[in-house]
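Undergrad: Just so it is clear, I am handing over coords.cif, which has mmCIF, C-alpha atoms.
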```
data_upload
#
loop_
_atom_site.group_PDB
_atom_site.id
_atom_site.type_symbol
_atom_site.label_atom_id
_atom_site.label_comp_id
_atom_site.auth_asym_id
_atom_site.auth_seq_id
_atom_site.Cartn_x
_atom_site.Cartn_y
_atom_site.Cartn_z
ATOM 1 C CA MET A 1 0.000 0.000 0.000
ATOM 2 C CA ALA A 2 2.756 2.441 0.911
ATOM 3 C CA VAL A 3 4.620 1.732 -2.337
ATOM 4 C CA ALA A 4 1.474 2.345 -4.409
ATOM 5 C CA LEU A 5 0.859 5.644 -2.584
ATOM 6 C CA VAL A 6 4.458 6.776 -3.224
ATOM 7 C CA LEU A 7 4.100 6.042 -6.944
ATOM 8 C CA VAL A 8 0.893 8.076 -7.138
ATOM 9 C CA LEU A 9 2.540 10.970 -5.289
ATOM 10 C CA ILE A 10 5.449 10.896 -7.776
ATOM 11 C CA VAL A 11 3.028 11.396 -10.668
ATOM 12 C CA VAL A 12 1.066 14.145 -8.877
ATOM 13 C CA GLY A 13 4.284 15.909 -7.848
ATOM 14 C CA SER A 14 5.666 15.773 -11.387
ATOM 15 C CA VAL A 15 2.495 17.322 -12.830
ATOM 16 C CA LEU A 16 2.395 20.052 -10.185
ATOM 17 C CA PHE A 17 6.079 20.811 -10.705
ATOM 18 C CA HIS A 18 5.431 21.343 -14.401
ATOM 19 C CA VAL A 19 2.355 23.510 -13.861
ATOM 20 C CA LEU A 20 3.850 25.624 -11.068
ATOM 21 C CA SER A 21 7.470 25.704 -12.267
ATOM 22 C CA PRO A 22 9.009 29.177 -12.665
ATOM 23 C CA TRP A 23 11.452 27.849 -15.293
ATOM 24 C CA TRP A 24 10.142 28.244 -18.818
ATOM 25 C CA SER A 25 11.666 28.862 -22.223
ATOM 26 C CA THR A 26 12.786 32.406 -22.971
ATOM 27 C CA PRO A 27 10.288 34.431 -25.061
ATOM 28 C CA ILE A 28 10.916 33.470 -28.680
ATOM 29 C CA ALA A 29 12.386 36.060 -31.052
ATOM 30 C CA SER A 30 12.574 34.165 -34.349
ATOM 31 C CA ASN A 31 10.478 32.182 -36.815
ATOM 32 C CA TRP A 32 11.281 28.858 -35.122
ATOM 33 C CA SER A 33 8.094 28.403 -33.110
ATOM 34 C CA TYR A 34 8.012 25.002 -34.859
ATOM 35 C CA ILE A 35 10.852 23.911 -32.579
ATOM 36 C CA ASP A 36 8.885 24.924 -29.478
ATOM 37 C CA ASP A 37 5.820 23.074 -30.801
ATOM 38 C CA THR A 38 7.882 19.937 -31.456
ATOM 39 C CA LEU A 39 9.340 20.024 -27.953
ATOM 40 C CA SER A 40 5.861 20.473 -26.491
ATOM 41 C CA ILE A 41 4.503 17.492 -28.460
ATOM 42 C CA THR A 42 7.418 15.338 -27.308
ATOM 43 C CA PHE A 43 6.987 16.480 -23.720
ATOM 44 C CA TRP A 44 3.263 15.732 -23.584
ATOM 45 C CA ILE A 45 3.636 12.320 -25.198
ATOM 46 C CA THR A 46 6.478 11.249 -22.900
ATOM 47 C CA GLY A 47 4.765 12.836 -19.891
ATOM 48 C CA THR A 48 1.511 11.014 -20.594
ATOM 49 C CA VAL A 49 3.316 7.702 -21.028
ATOM 50 C CA PHE A 50 5.301 8.309 -17.829
ATOM 51 C CA ALA A 51 2.126 9.034 -15.827
ATOM 52 C CA ALA A 52 0.281 6.063 -17.345
ATOM 53 C CA VAL A 53 3.099 3.588 -16.659
ATOM 54 C CA VAL A 54 3.703 4.748 -13.069
ATOM 55 C CA LEU A 55 -0.022 4.800 -12.253
ATOM 56 C CA PHE A 56 -0.384 1.332 -13.775
ATOM 57 C CA MET A 57 2.477 0.155 -11.573
ATOM 58 C CA ALA A 58 0.707 1.655 -8.547
ATOM 59 C CA TYR A 59 -2.514 -0.133 -9.525
ATOM 60 C CA CYS A 60 -0.694 -3.457 -9.928
ATOM 61 C CA VAL A 61 1.098 -3.082 -6.590
ATOM 62 C CA TYR A 62 -2.231 -2.415 -4.873
ATOM 63 C CA ARG A 63 -4.424 -4.831 -6.825
ATOM 64 C CA PHE A 64 -2.078 -7.781 -6.671
ATOM 65 C CA ARG A 65 -0.669 -7.229 -3.204
ATOM 66 C CA HIS A 66 -0.036 -10.259 -1.039
ATOM 67 C CA LYS A 67 -3.096 -11.872 0.497
ATOM 68 C CA GLU A 68 -3.333 -14.975 2.583
ATOM 69 C CA GLY A 69 -4.554 -17.898 0.509
ATOM 70 C CA ALA A 70 -4.268 -16.044 -2.841
ATOM 71 C CA LYS A 71 -2.427 -17.833 -5.635
ATOM 72 C CA ALA A 72 -0.761 -16.046 -8.571
ATOM 73 C CA ALA A 73 -1.731 -17.066 -12.107
ATOM 74 C CA TYR A 74 1.163 -17.399 -14.526
ATOM 75 C CA GLU A 75 0.547 -16.380 -18.142
ATOM 76 C CA PRO A 76 3.783 -16.493 -20.200
ATOM 77 C CA GLU A 77 2.265 -14.520 -23.089
ATOM 78 C CA ARG A 78 -0.874 -12.827 -24.313
ATOM 79 C CA ARG A 79 -0.807 -12.065 -28.031
ATOM 80 C CA LYS A 80 -3.682 -9.575 -28.035
ATOM 81 C CA LEU A 81 -2.070 -7.444 -25.308
ATOM 82 C CA GLU A 82 1.339 -7.610 -26.992
ATOM 83 C CA SER A 83 -0.206 -6.518 -30.308
ATOM 84 C CA TRP A 84 -1.915 -3.511 -28.729
ATOM 85 C CA LEU A 85 1.245 -2.501 -26.881
ATOM 86 C CA THR A 86 3.278 -2.750 -30.103
ATOM 87 C CA ILE A 87 0.778 -0.615 -32.024
ATOM 88 C CA ALA A 88 0.542 2.004 -29.259
ATOM 89 C CA THR A 89 4.336 2.206 -28.961
ATOM 90 C CA ALA A 90 4.746 2.576 -32.730
ATOM 91 C CA LEU A 91 2.148 5.366 -32.861
ATOM 92 C CA GLY A 92 3.787 7.167 -29.956
ATOM 93 C CA VAL A 93 7.267 7.000 -31.491
ATOM 94 C CA THR A 94 5.897 8.151 -34.862
ATOM 95 C CA ALA A 95 4.102 11.078 -33.214
ATOM 96 C CA MET A 96 7.405 12.159 -31.637
ATOM 97 C CA LEU A 97 9.595 11.684 -34.723
ATOM 98 C CA ALA A 98 7.342 13.039 -37.483
ATOM 99 C CA PRO A 99 7.189 16.695 -36.281
ATOM 100 C CA GLY A 100 10.961 16.708 -35.796
ATOM 101 C CA LEU A 101 11.552 15.464 -39.339
ATOM 102 C CA VAL A 102 9.263 18.178 -40.727
ATOM 103 C CA VAL A 103 11.071 20.870 -38.725
ATOM 104 C CA TRP A 104 14.468 19.502 -39.793
ATOM 105 C CA SER A 105 13.395 19.769 -43.438
ATOM 106 C CA HIS A 106 12.660 23.472 -42.904
ATOM 107 C CA PHE A 107 15.829 23.884 -40.851
ATOM 108 C CA ILE A 108 18.232 22.755 -43.586
ATOM 109 C CA ASN A 109 16.451 24.412 -46.529
ATOM 110 C CA VAL A 110 17.549 28.041 -46.458
ATOM 111 C CA PRO A 111 15.323 30.640 -48.200
ATOM 112 C CA ASP A 112 16.737 31.981 -51.459
ATOM 113 C CA ASP A 113 16.571 35.579 -50.208
ATOM 114 C CA ALA A 114 18.532 34.891 -47.003
ATOM 115 C CA SER A 115 21.636 37.007 -46.427
ATOM 116 C CA GLU A 116 24.815 35.368 -45.139
ATOM 117 C CA VAL A 117 26.729 36.051 -41.949
ATOM 118 C CA GLU A 118 29.894 34.171 -41.063
ATOM 119 C CA VAL A 119 30.368 33.383 -37.372
ATOM 120 C CA PHE A 120 33.957 32.775 -36.308
ATOM 121 C CA ALA A 121 34.560 31.075 -32.944
ATOM 122 C CA GLN A 122 37.784 30.710 -31.038
ATOM 123 C CA GLN A 123 38.701 30.342 -27.374
ATOM 124 C CA TRP A 124 36.971 32.421 -26.080
ATOM 125 C CA GLN A 125 35.329 35.032 -28.245
ATOM 126 C CA TRP A 126 32.984 35.535 -31.196
ATOM 127 C CA SER A 127 33.763 37.403 -34.412
ATOM 128 C CA TYR A 128 31.653 37.938 -37.522
ATOM 129 C CA ARG A 129 31.937 38.696 -41.215
ATOM 130 C CA LEU A 130 29.179 40.150 -43.372
ATOM 131 C CA PRO A 131 29.084 40.608 -47.149
ATOM 132 C CA GLY A 132 29.817 44.088 -48.475
ATOM 133 C CA LYS A 133 28.066 46.009 -51.211
ATOM 134 C CA ASP A 134 28.601 43.174 -53.714
ATOM 135 C CA GLY A 135 26.475 40.898 -51.527
ATOM 136 C CA LYS A 136 29.092 38.124 -51.591
ATOM 137 C CA LEU A 137 31.460 36.810 -48.965
ATOM 138 C CA GLY A 138 35.019 36.264 -50.068
ATOM 139 C CA THR A 139 36.691 32.906 -49.581
ATOM 140 C CA SER A 140 38.501 32.024 -46.392
ATOM 141 C CA ASN A 141 40.896 29.329 -45.247
ATOM 142 C CA ALA A 142 42.077 28.241 -41.800
ATOM 143 C CA ARG A 143 45.656 28.176 -43.135
ATOM 144 C CA LEU A 144 45.473 31.941 -43.652
ATOM 145 C CA VAL A 145 44.685 32.696 -40.001
ATOM 146 C CA SER A 146 47.288 34.993 -38.469
ATOM 147 C CA PRO A 147 47.443 37.883 -35.978
ATOM 148 C CA ASP A 148 46.928 40.286 -38.895
ATOM 149 C CA ASN A 149 44.184 38.131 -40.466
ATOM 150 C CA PRO A 150 42.354 36.460 -37.540
ATOM 151 C CA LEU A 151 39.449 35.272 -39.716
ATOM 152 C CA GLY A 152 41.649 33.647 -42.356
ATOM 153 C CA ILE A 153 40.179 35.664 -45.234
ATOM 154 C CA ASP A 154 41.797 35.250 -48.652
ATOM 155 C CA PRO A 155 43.294 38.681 -49.518
ATOM 156 C CA ASN A 156 43.575 37.666 -53.190
ATOM 157 C CA ASP A 157 39.840 37.152 -53.562
ATOM 158 C CA PRO A 158 38.302 40.381 -54.948
ATOM 159 C CA ASN A 159 35.025 39.567 -53.179
ATOM 160 C CA SER A 160 36.821 39.828 -49.832
ATOM 161 C CA LYS A 161 37.786 43.491 -50.102
ATOM 162 C CA ASP A 162 34.418 44.929 -49.086
ATOM 163 C CA ASP A 163 33.521 42.249 -46.540
ATOM 164 C CA VAL A 164 32.474 43.820 -43.237
ATOM 165 C CA ILE A 165 34.523 42.603 -40.261
ATOM 166 C CA VAL A 166 33.129 42.596 -36.715
ATOM 167 C CA ASN A 167 36.013 41.368 -34.597
ATOM 168 C CA ALA A 168 35.220 40.404 -30.987
ATOM 169 C CA ALA A 169 32.220 42.747 -30.871
ATOM 170 C CA ASP A 170 28.421 42.579 -30.962
ATOM 171 C CA LEU A 171 26.598 41.462 -34.081
ATOM 172 C CA HIS A 172 23.649 43.456 -35.439
ATOM 173 C CA LEU A 173 20.893 42.020 -37.645
ATOM 174 C CA PRO A 174 17.841 43.604 -39.297
ATOM 175 C CA ILE A 175 14.412 42.516 -38.127
ATOM 176 C CA GLY A 176 12.242 40.444 -40.452
ATOM 177 C CA LYS A 177 15.053 39.394 -42.817
ATOM 178 C CA PRO A 178 16.132 35.726 -43.057
ATOM 179 C CA VAL A 179 19.811 35.174 -42.392
ATOM 180 C CA LYS A 180 22.023 32.137 -42.962
ATOM 181 C CA MET A 181 24.670 31.727 -40.273
ATOM 182 C CA LEU A 182 27.874 30.142 -41.602
ATOM 183 C CA LEU A 183 29.715 28.657 -38.633
ATOM 184 C CA ARG A 184 33.489 28.190 -38.389
ATOM 185 C CA SER A 185 35.805 27.287 -35.522
ATOM 186 C CA ILE A 186 39.570 27.721 -35.446
ATOM 187 C CA ASP A 187 40.395 25.512 -32.457
ATOM 188 C CA VAL A 188 37.861 23.242 -30.711
ATOM 189 C CA LEU A 189 34.164 22.405 -30.806
ATOM 190 C CA HIS A 190 31.932 25.410 -30.158
ATOM 191 C CA ASP A 191 28.200 25.967 -30.532
ATOM 192 C CA PHE A 192 26.638 29.300 -31.451
ATOM 193 C CA TYR A 193 23.453 29.545 -29.409
ATOM 194 C CA VAL A 194 21.008 32.376 -28.787
ATOM 195 C CA PRO A 195 18.189 30.929 -26.625
ATOM 196 C CA GLU A 196 15.589 33.372 -27.965
ATOM 197 C CA PHE A 197 16.325 32.292 -31.556
ATOM 198 C CA ARG A 198 15.973 28.574 -30.692
ATOM 199 C CA ALA A 199 18.098 27.513 -33.694
ATOM 200 C CA ARG A 200 21.663 26.377 -33.051
ATOM 201 C CA MET A 201 24.427 24.250 -34.531
ATOM 202 C CA ASP A 202 27.810 22.845 -33.525
ATOM 203 C CA MET A 203 30.924 24.494 -34.949
ATOM 204 C CA VAL A 204 33.475 21.863 -35.990
ATOM 205 C CA PRO A 205 37.099 22.762 -36.794
ATOM 206 C CA GLY A 206 37.795 22.189 -40.481
ATOM 207 C CA MET A 207 34.115 22.361 -41.454
ATOM 208 C CA VAL A 208 31.574 25.060 -42.270
ATOM 209 C CA THR A 209 28.221 24.237 -40.674
ATOM 210 C CA TYR A 210 25.125 26.424 -40.880
ATOM 211 C CA PHE A 211 21.606 27.195 -39.761
ATOM 212 C CA TRP A 212 19.157 29.966 -40.604
ATOM 213 C CA PHE A 213 16.481 31.994 -38.881
ATOM 214 C CA THR A 214 14.449 35.172 -39.251
ATOM 215 C CA PRO A 215 14.560 37.648 -36.323
ATOM 216 C CA THR A 216 11.039 38.636 -35.331
ATOM 217 C CA ARG A 217 11.639 40.935 -32.358
ATOM 218 C CA THR A 218 14.005 43.842 -31.831
ATOM 219 C CA GLY A 219 16.270 43.831 -28.803
ATOM 220 C CA THR A 220 19.612 42.618 -27.528
ATOM 221 C CA PHE A 221 20.050 38.886 -27.033
ATOM 222 C CA GLU A 222 22.909 37.044 -25.371
ATOM 223 C CA VAL A 223 25.097 34.642 -27.338
ATOM 224 C CA LEU A 224 26.221 31.525 -25.488
ATOM 225 C CA CYS A 225 28.566 28.699 -26.376
ATOM 226 C CA ALA A 226 26.628 25.452 -25.965
ATOM 227 C CA GLU A 227 29.685 23.181 -26.130
ATOM 228 C CA LEU A 228 32.208 22.702 -23.330
ATOM 229 C CA CYS A 229 35.144 24.375 -25.101
ATOM 230 C CA GLY A 230 37.733 24.807 -22.330
ATOM 231 C CA VAL A 231 38.384 26.555 -19.046
ATOM 232 C CA GLY A 232 36.963 29.850 -20.360
ATOM 233 C CA HIS A 233 33.763 28.269 -21.666
ATOM 234 C CA ALA A 234 31.497 30.079 -19.215
ATOM 235 C CA PHE A 235 32.927 33.456 -20.269
ATOM 236 C CA MET A 236 32.487 32.892 -24.026
ATOM 237 C CA ARG A 237 29.558 35.236 -24.363
ATOM 238 C CA GLY A 238 28.505 37.900 -26.789
ATOM 239 C CA ALA A 239 25.405 39.718 -27.978
ATOM 240 C CA VAL A 240 23.224 39.896 -31.064
ATOM 241 C CA GLN A 241 21.218 43.060 -31.456
ATOM 242 C CA VAL A 242 18.180 42.978 -33.731
ATOM 243 C CA ASP A 243 17.570 46.450 -35.183
ATOM 244 C CA THR A 244 15.040 48.174 -37.337
ATOM 245 C CA GLU A 245 16.089 48.560 -40.959
ATOM 246 C CA GLN A 246 17.201 52.166 -40.387
ATOM 247 C CA ASP A 247 19.214 51.404 -37.254
ATOM 248 C CA TYR A 248 20.872 48.427 -38.917
ATOM 249 C CA ALA A 249 21.897 50.511 -41.930
ATOM 250 C CA ALA A 250 23.372 53.149 -39.619
ATOM 251 C CA TRP A 251 25.342 50.506 -37.691
ATOM 252 C CA LEU A 252 26.597 48.919 -40.889
ATOM 253 C CA GLN A 253 27.971 52.237 -42.126
ATOM 254 C CA GLN A 254 30.165 52.491 -39.022
ATOM 255 C CA GLN A 255 31.869 49.108 -39.539
ATOM 256 C CA SER A 256 35.234 48.558 -41.215
ATOM 257 C CA THR A 257 35.794 46.446 -44.305
ATOM 258 C CA PHE A 258 38.551 43.886 -44.781
ATOM 259 C CA ALA A 259 40.328 46.232 -47.194
ATOM 260 C CA GLN A 260 40.337 49.048 -44.643
ATOM 261 C CA LEU A 261 41.647 46.819 -41.857
ATOM 262 C CA THR A 262 44.472 45.401 -43.964
ATOM 263 C CA ALA A 263 45.495 48.626 -45.692
ATOM 264 C CA PRO A 264 49.115 49.641 -44.983
ATOM 265 C CA ALA A 265 49.407 52.371 -42.380
ATOM 266 C CA LYS A 266 50.287 55.748 -43.880
ATOM 267 C CA THR A 267 53.417 57.361 -42.530
ATOM 268 C CA GLY A 268 55.456 60.452 -43.185
ATOM 269 C CA ALA A 269 54.134 62.754 -45.884
ATOM 270 C CA LEU A 270 51.267 60.338 -46.677
ATOM 271 C CA ALA A 271 49.820 60.505 -43.151
ATOM 272 C CA GLU A 272 46.862 62.709 -42.354
ATOM 273 C CA PRO A 273 47.751 66.205 -41.043
ATOM 274 C CA ALA A 274 46.163 65.495 -37.655
ATOM 275 C CA THR A 275 48.149 62.279 -37.335
ATOM 276 C CA ARG A 276 51.446 64.020 -38.185
ATOM 277 C CA ALA A 277 50.672 66.797 -35.677
ATOM 278 C CA ALA A 278 49.971 64.246 -32.975
ATOM 279 C CA LYS A 279 53.309 62.546 -33.652
ATOM 280 C CA VAL A 280 55.158 65.888 -33.477
ATOM 281 C CA ASN A 281 53.498 66.750 -30.162
#
```
Mind converting the file's structure to structure tokens?

TA:
Amino acid sequence: MAVALVLVLIVVGSVLFHVLSPWWSTPIASNWSYIDDTLSITFWITGTVFAAVVLFMAYCVYRFRHKEGAKAAYEPERRKLESWLTIATALGVTAMLAPGLVVWSHFINVPDDASEVEVFAQQWQWSYRLPGKDGKLGTSNARLVSPDNPLGIDPNDPNSKDDVIVNAADLHLPIGKPVKMLLRSIDVLHDFYVPEFRARMDMVPGMVTYFWFTPTRTGTFEVLCAELCGVGHAFMRGAVQVDTEQDYAAWLQQQSTFAQLTAPAKTGALAEPATRAAKVN
């Protein structure tokens, strides 16, 4: 009797914990409500099965408890019950897998009008590269990474010259525009994760992985690394700010291009007057 009561209390406590829990998902800020819906479907199916199995165990413990003079009946198999259990299990697994497969199909098929942003991860900071006025990102290669070229951009690629570089700073994105995030890592496994965007993907050294999303709410959102990437893992944070179209254009105008960052410093007579005066002083 006591065991049956404990099992019932476990189910009741689990349901109350879910209903009264203060821990919920962050308010979504992208188009990926499908992911939330899929998680909810999975949760309710597994939660229902959990409650049903535990309550059935409680019933069995109480119904078939020891009684003087009672004799247990042994039935090695019951085909009808096994058939129903097999069908119910198959339907439950299908109900959990099918929504995920549909969402995955959307997740890997990037819209044709999506812009590209390259995310560059290294212990322990985030950097970004955006296409310039030509709308194309230049090629890059891990072998080209150096103190003067931390993103490994190919200086001989003409498409690289106007690429916008955001080195160890916050990323800005326009609201309502789909964006494809190209993910690169220079050292170890990282994972670019903004909880409000829901979408995420591992960053594997030597590979370019990707995901896409459409920001649906302006604001500043924290970037986290969702892979244990070393002793500074907890401090590998950044921010993505979703702007209106006007604010994003103004921010973009203030950023430096790859050509500007790699241009030789002017000295002597070629330097600006203010620079020469500062050196004299």

Undergrad: Can you sort out the box for stretch 133-142 of chain A, edges along x, y and z, all listed atoms in, 3 Å on every side, with centre and edge lengths in Å to one decimal, as AutoDock Vina command-line options?

TA:
```
--center_x 34.3 --center_y 37.1 --center_z -47.8 --size_x 21.6 --size_y 23.8 --size_z 17.9
```

Undergrad: As a check of understanding, name the residues that the PyMOL selection byres ((chain A and resi 179) around 6) selects in the supplied structure, as an mmCIF file with C-alpha atoms, keeping the file's coordinate frame.

TA:
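Wrote out.cif, looks like this:
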```cif
data_model
loop_
_atom_site.group_PDB
_atom_site.id
_atom_site.type_symbol
_atom_site.label_atom_id
_atom_site.label_comp_id
_atom_site.auth_asym_id
_atom_site.auth_seq_id
_atom_site.Cartn_x
_atom_site.Cartn_y
_atom_site.Cartn_z
ATOM 1 C CA ALA A 114 18.532 34.891 -47.003
ATOM 2 C CA SER A 115 21.636 37.007 -46.427
ATOM 3 C CA GLU A 116 24.815 35.368 -45.139
ATOM 4 C CA PRO A 178 16.132 35.726 -43.057
ATOM 5 C CA LYS A 180 22.023 32.137 -42.962
ATOM 6 C CA TRP A 212 19.157 29.966 -40.604
ATOM 7 C CA PHE A 213 16.481 31.994 -38.881
#
```

Undergrad: Quick one: apply the PyMOL selection byres ((chain A and resi 147-151) around 10) to the file and drop the selected residues here as a compact mmCIF listing (two decimals) with C-alpha atoms, in the coordinates of the input.

TA:
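Final output, saved to out.txt:
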```txt
# COMPACT_ATOMS: atom_id res chain seq x y z
CA GLU A 118 29.89 34.17 -41.06
CA VAL A 119 30.37 33.38 -37.37
CA PHE A 120 33.96 32.78 -36.31
CA ALA A 121 34.56 31.08 -32.94
CA GLN A 122 37.78 30.71 -31.04
CA SER A 127 33.76 37.40 -34.41
CA TYR A 128 31.65 37.94 -37.52
CA ARG A 129 31.94 38.70 -41.22
CA SER A 140 38.50 32.02 -46.39
CA ASN A 141 40.90 29.33 -45.25
CA ALA A 142 42.08 28.24 -41.80
CA LEU A 144 45.47 31.94 -43.65
CA VAL A 145 44.68 32.70 -40.00
CA SER A 146 47.29 34.99 -38.47
CA GLY A 152 41.65 33.65 -42.36
CA ILE A 153 40.18 35.66 -45.23
CA ASP A 154 41.80 35.25 -48.65
CA PRO A 155 43.29 38.68 -49.52
CA ILE A 165 34.52 42.60 -40.26
CA ASN A 167 36.01 41.37 -34.60
CA ARG A 184 33.49 28.19 -38.39
CA SER A 185 35.80 27.29 -35.52
CA ILE A 186 39.57 27.72 -35.45
CA PHE A 258 38.55 43.89 -44.78
CA LEU A 261 41.65 46.82 -41.86
CA THR A 262 44.47 45.40 -43.96
```

Undergrad: Within 12 Å of A:His106, counting all atoms listed in the file, which residues qualify if same-chain residues fewer than 3 places away don't, as a PyMOL selection string?

TA: chain A and resi 31-35+99-103+109-111+199+211-213

Undergrad: Give as a PDB file with C-alpha atoms, keeping the file's coordinate frame the residues that the PyMOL selection byres ((chain A and resi 172) around 8) matches when applied to the coordinates above.

TA:
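Final file, selection.pdb:
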```pdb
ATOM      1  CA  ASP A 170      28.421  42.579 -30.962  1.00  0.00           C
ATOM      2  CA  LEU A 171      26.598  41.462 -34.081  1.00  0.00           C
ATOM      3  CA  LEU A 173      20.893  42.020 -37.645  1.00  0.00           C
ATOM      4  CA  PRO A 174      17.841  43.604 -39.297  1.00  0.00           C
ATOM      5  CA  VAL A 240      23.224  39.896 -31.064  1.00  0.00           C
ATOM      6  CA  GLN A 241      21.218  43.060 -31.456  1.00  0.00           C
ATOM      7  CA  VAL A 242      18.180  42.978 -33.731  1.00  0.00           C
ATOM      8  CA  ASP A 243      17.570  46.450 -35.183  1.00  0.00           C
ATOM      9  CA  TYR A 248      20.872  48.427 -38.917  1.00  0.00           C
ATOM     10  CA  TRP A 251      25.342  50.506 -37.691  1.00  0.00           C
TER      11      TRP A 251
END
```

Undergrad: Have a look at atom CA of A:Ile108 and atom CA of A:Tyr210 and let me know their distance in Å, one decimal.

TA: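 So the two atoms, atom CA of A:Ile108 and atom CA of A:Tyr210, lie 8.3 Å apart.
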
Undergrad: Using all atoms listed in the file, pick whichever of A:Val223, A:Lys177, A:Ala98, A:Asn159 has the shortest atom-to-atom distance to A:Glu196.

TA: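 Distance minimum relative to A:Glu196 lands on A:Val223.
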
Undergrad: Could you check how far atom CA of A:Gly176 sits from atom CA of A:Val117, in Å to one decimal?

TA: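 That distance, rounded to one decimal, is 15.2 Å.
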
Undergrad: Atom CA of A:Gly47 and atom CA of A:Val11, how far apart in Å?

TA: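 Computing the Euclidean distance for atom CA of A:Val11 and atom CA of A:Gly47 yields 9.5 Å.
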
Undergrad: May I ask which of the residues A:Ser160, A:Thr216, A:Gln246, A:Thr26 is the closest one to A:Pro195, counting all atoms listed in the file?

TA: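 Comparing A:Ser160, A:Thr216, A:Gln246, A:Thr26 against A:Pro195, the winner is A:Thr26.
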
Undergrad: Please tabulate, as JSON lines, the residues of stretch 59-129 of chain A that come within 10 Å of stretch 227-233 of chain A, each with its closest pair of atoms and the distance in Å to one decimal, counting all atoms listed in the file and ordering rows by chain, then residue number upward.

TA:
```
{"residue": "A:Gln122", "atom": "CA", "partner": "A:Cys229", "partner_atom": "CA", "distance": 9.1}
{"residue": "A:Gln123", "atom": "CA", "partner": "A:Gly232", "partner_atom": "CA", "distance": 7.2}
{"residue": "A:Trp124", "atom": "CA", "partner": "A:Gly232", "partner_atom": "CA", "distance": 6.3}
{"residue": "A:Gln125", "atom": "CA", "partner": "A:His233", "partner_atom": "CA", "distance": 9.6}
```

Undergrad: Between A:Asp113, A:Phe107, A:His18, A:Leu7, which one has atoms that come closest to A:Phe56, using all atoms listed in the file?

TA: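 Among A:Asp113, A:Phe107, A:His18, A:Leu7, it is A:Leu7 that comes nearest to A:Phe56.
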
Undergrad: Closest to A:Gly132 among A:Tyr74, A:Ala169, A:Ser256, A:Ile175, using only C-alpha atoms?

TA: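 Closest residue, counting only C-alpha atoms: A:Ser256.
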
Undergrad: Select, counting all atoms listed in the file, all protein, DNA and RNA residues no farther than 12 Å from (4.7, 9.7, -22.4) in file coordinates, and express the selection as a compact mmCIF listing (two decimals) with C-alpha atoms, in the frame of the given file.

TA:
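The new file point-v3.txt reads:
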```
# COMPACT_ATOMS: atom_id res chain seq x y z
CA VAL A 11 3.03 11.40 -10.67
CA SER A 40 5.86 20.47 -26.49
CA ILE A 41 4.50 17.49 -28.46
CA THR A 42 7.42 15.34 -27.31
CA PHE A 43 6.99 16.48 -23.72
CA TRP A 44 3.26 15.73 -23.58
CA ILE A 45 3.64 12.32 -25.20
CA THR A 46 6.48 11.25 -22.90
CA GLY A 47 4.76 12.84 -19.89
CA THR A 48 1.51 11.01 -20.59
CA VAL A 49 3.32 7.70 -21.03
CA PHE A 50 5.30 8.31 -17.83
CA ALA A 51 2.13 9.03 -15.83
CA ALA A 52 0.28 6.06 -17.34
CA VAL A 53 3.10 3.59 -16.66
CA VAL A 54 3.70 4.75 -13.07
CA ALA A 88 0.54 2.00 -29.26
CA THR A 89 4.34 2.21 -28.96
CA LEU A 91 2.15 5.37 -32.86
CA GLY A 92 3.79 7.17 -29.96
CA VAL A 93 7.27 7.00 -31.49
CA ALA A 95 4.10 11.08 -33.21
CA MET A 96 7.40 12.16 -31.64
```

Undergrad: Considering all atoms listed in the file, state which residue in the set A:Ala263, A:Arg78, A:Thr38, A:Asp112 is at the smallest distance from A:Leu97.

TA: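 Result for the nearest residue to A:Leu97: A:Thr38.
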